[in-house]
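Some notes on the structure that comes next.
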Amino acid sequence: LSLCYILALLPRLIAVARYESVIHEFDPYFNYRSTQYLVDEGFSNFRNWFDERSWYPLGRIVGGTIYPGLMAVSATFFWVLNAINLNVKVVDVCVYLSPVFAANTTLVAYYLGKEVSGGGRGVGLVASFLVSVVPGYVQRSVAGSYDNEGIAIFALMLTFYWFIRSVNTGSLSHCAASCLSYAGLVSTWGGHIYVMNLIPLYVLVLLLAGRYSERLWIAFSTFYVIGTLLSMQITFVG
């Protein structure tokens with residue numbers, strides 16, 4: 001598992017070794033500017049920020065047209081690191097955020113694989129390895145590619161893990177963790193709709209296969225209601 005973690009982290013840092021700590025592409029640079037504004041002005045001003053440099057010449061009401069989770073997570077890391085006297089720049093947090101979350105996703109994939117297979121470590125290790133090297137994910141989470149998928153895939157995997165665990169255990173606490181993970185996903189990425197489609201499809205397949213249980217009812221009904229209510233709190237979604 002440690003090797004999978006390292007395998008996920010190091011290749012994503014090659015861009016920094018070759019080109020220094022810089023933000024790549026247009027969208028990641030806009031995300032960086034938004035994070036810098038959030039750090040400088042606070043969340044209240046950020047929600048009402050009109051950016052005249054975006055969508056020129058019309059401008060852009062940023063708070064109502066973006067998924068703010070990426071900026072909120074980065075700003076939180078920035079404030080925490082500086083609070084413990086680790087003086088970093090906002091740009092450095094933005095550059096390294098995606099590789100760190102991608103590496104952490106391998107850990108979530110491991111536990112998801114174990115949960116799905118009934119405790120099999122081998123399945124978990126295979127899942128962790130595949131997540132660490134899958135080209136599409138590597139491309140979207142290299143250092144400097146400061147975009148939504150960098151942390152959204154972590155939240156997506158975490159949502160699936162806690163939901164499957166709540167189905168297996170019937171625990172409301174596990175279901176609550178799944179709802180919170182889904183809310184985090186909604187705040188970062190428009191692909192959250194895939195989760196809200198796949199989980200009902202998974203439940204439908206279980207029903208058709210005669211696998212209905214009280215645990216499944218508790219997990220799905222709680223997730224659907226609370227997850228939807230939480231997602232509606234995101235301005236761009238609700």
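Letters A, B, ... mark the chains of the structure tokens in the order given; residue numbers begin at 1 per chain; ligand numbers begin at 1, in order shown.
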For the contact check between region 63-103 of chain A and region 1-17 of chain A, emit one row per residue of region 63-103 of chain A within 10 Å, containing the shortest atom pair and the distance in Å rounded to one decimal, counting only C-alpha atoms, chain then rising number order, as JSON lines.
{"residue": "A:Val95", "atom": "CA", "partner": "A:Val16", "partner_atom": "CA", "distance": 8.5}
{"residue": "A:Tyr96", "atom": "CA", "partner": "A:Leu13", "partner_atom": "CA", "distance": 8.1}
{"residue": "A:Ser98", "atom": "CA", "partner": "A:Arg12", "partner_atom": "CA", "distance": 8.6}
{"residue": "A:Pro99", "atom": "CA", "partner": "A:Leu9", "partner_atom": "CA", "distance": 5.7}
{"residue": "A:Val100", "atom": "CA", "partner": "A:Leu9", "partner_atom": "CA", "distance": 6.7}
{"residue": "A:Phe101", "atom": "CA", "partner": "A:Leu9", "partner_atom": "CA", "distance": 9.0}
{"residue": "A:Ala102", "atom": "CA", "partner": "A:Ala8", "partner_atom": "CA", "distance": 6.6}
{"residue": "A:Ala103", "atom": "CA", "partner": "A:Ala8", "partner_atom": "CA", "distance": 5.1}
Which of region 14-130 of chain A DSSP labels alpha helix (DSSP H), written as a PyMOL selection string
chain A and resi 14-19+26-41+43-47+69-83+90-116+121-130
Pairwise distance for CA of Ser231 (chain A) and CA of Ile153 (chain A), rounded to one decimal in Å
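The value is 16.6 Å.
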Extract, using only C-alpha atoms, all DNA, RNA and protein residues at most 12 Å from Leu185 (chain A), discarding same-chain residues fewer than 2 positions from it, and format them as a PyMOL selection string.
chain A and resi 67-70+73+148-160+178-183+187-196+227-228+230-231+234+237
Any chance you could list, as number ranges by chain, the residues in region 17-225 of chain A that come up strand (DSSP E or B) when DSSP is run on the backbone?
A: 50-51, 60-61
Export C-alpha atoms of the chosen residues as a PDB file, in the first residue's frame?
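Generated file (result_7.pdb):
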ATOM      1  CA  PHE A  50     -17.724  40.154  -9.404  1.00  0.00           C
ATOM      2  CA  ASP A  51     -14.638  39.364 -11.470  1.00  0.00           C
ATOM      3  CA  ARG A  60     -18.491  37.024 -13.982  1.00  0.00           C
ATOM      4  CA  ILE A  61     -20.322  36.689 -10.667  1.00  0.00           C
TER       5      ILE A  61
END
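The nearest approach to Tyr202 (chain A) among the residues A:Val167, A:Ile84, A:Val133, A:Ala127, with only C-alpha atoms taken into account, belongs to A:Val167.
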Env of region 168-171 of chain A: 6 Å cut, atoms = only C-alpha atoms, seq-sep filter 3 positions within chain, self excluded. Answer as a PDB file with all heavy atoms, in the first residue's frame.
ATOM      1  N   ARG A 165     -20.118   0.750   2.963  1.00  0.00           N
ATOM      2  CA  ARG A 165     -19.951   0.345   4.368  1.00  0.00           C
ATOM      3  C   ARG A 165     -21.265   0.487   5.140  1.00  0.00           C
ATOM      4  O   ARG A 165     -21.588  -0.361   5.988  1.00  0.00           O
ATOM      5  CB  ARG A 165     -18.849   1.169   5.020  1.00  0.00           C
ATOM      6  CG  ARG A 165     -18.463   0.686   6.412  1.00  0.00           C
ATOM      7  CD  ARG A 165     -17.095   1.187   6.825  1.00  0.00           C
ATOM      8  NE  ARG A 165     -16.751   0.753   8.172  1.00  0.00           N
ATOM      9  CZ  ARG A 165     -16.316  -0.459   8.488  1.00  0.00           C
ATOM     10  NH1 ARG A 165     -16.173  -1.371   7.523  1.00  0.00           N
ATOM     11  NH2 ARG A 165     -16.013  -0.780   9.728  1.00  0.00           N
ATOM     12  N   HIS A 174     -22.098   5.757   9.491  1.00  0.00           N
ATOM     13  CA  HIS A 174     -21.426   5.540   8.215  1.00  0.00           C
ATOM     14  C   HIS A 174     -22.190   6.201   7.077  1.00  0.00           C
ATOM     15  O   HIS A 174     -21.589   6.759   6.153  1.00  0.00           O
ATOM     16  CB  HIS A 174     -21.287   4.037   7.949  1.00  0.00           C
ATOM     17  CG  HIS A 174     -20.374   3.343   8.900  1.00  0.00           C
ATOM     18  ND1 HIS A 174     -20.429   1.983   9.138  1.00  0.00           N
ATOM     19  CD2 HIS A 174     -19.385   3.820   9.688  1.00  0.00           C
ATOM     20  CE1 HIS A 174     -19.515   1.650  10.026  1.00  0.00           C
ATOM     21  NE2 HIS A 174     -18.874   2.761  10.376  1.00  0.00           N
ATOM     22  N   ARG A 215     -30.945  -2.877   6.050  1.00  0.00           N
ATOM     23  CA  ARG A 215     -29.726  -2.068   5.999  1.00  0.00           C
ATOM     24  C   ARG A 215     -29.657  -1.269   4.702  1.00  0.00           C
ATOM     25  O   ARG A 215     -29.244  -0.101   4.692  1.00  0.00           O
ATOM     26  CB  ARG A 215     -28.503  -2.975   6.136  1.00  0.00           C
ATOM     27  CG  ARG A 215     -28.347  -3.575   7.538  1.00  0.00           C
ATOM     28  CD  ARG A 215     -27.172  -4.535   7.635  1.00  0.00           C
ATOM     29  NE  ARG A 215     -27.499  -5.810   7.016  1.00  0.00           N
ATOM     30  CZ  ARG A 215     -26.918  -6.278   5.930  1.00  0.00           C
ATOM     31  NH1 ARG A 215     -25.984  -5.566   5.320  1.00  0.00           N
ATOM     32  NH2 ARG A 215     -27.262  -7.452   5.418  1.00  0.00           N
TER      33      ARG A 215
END
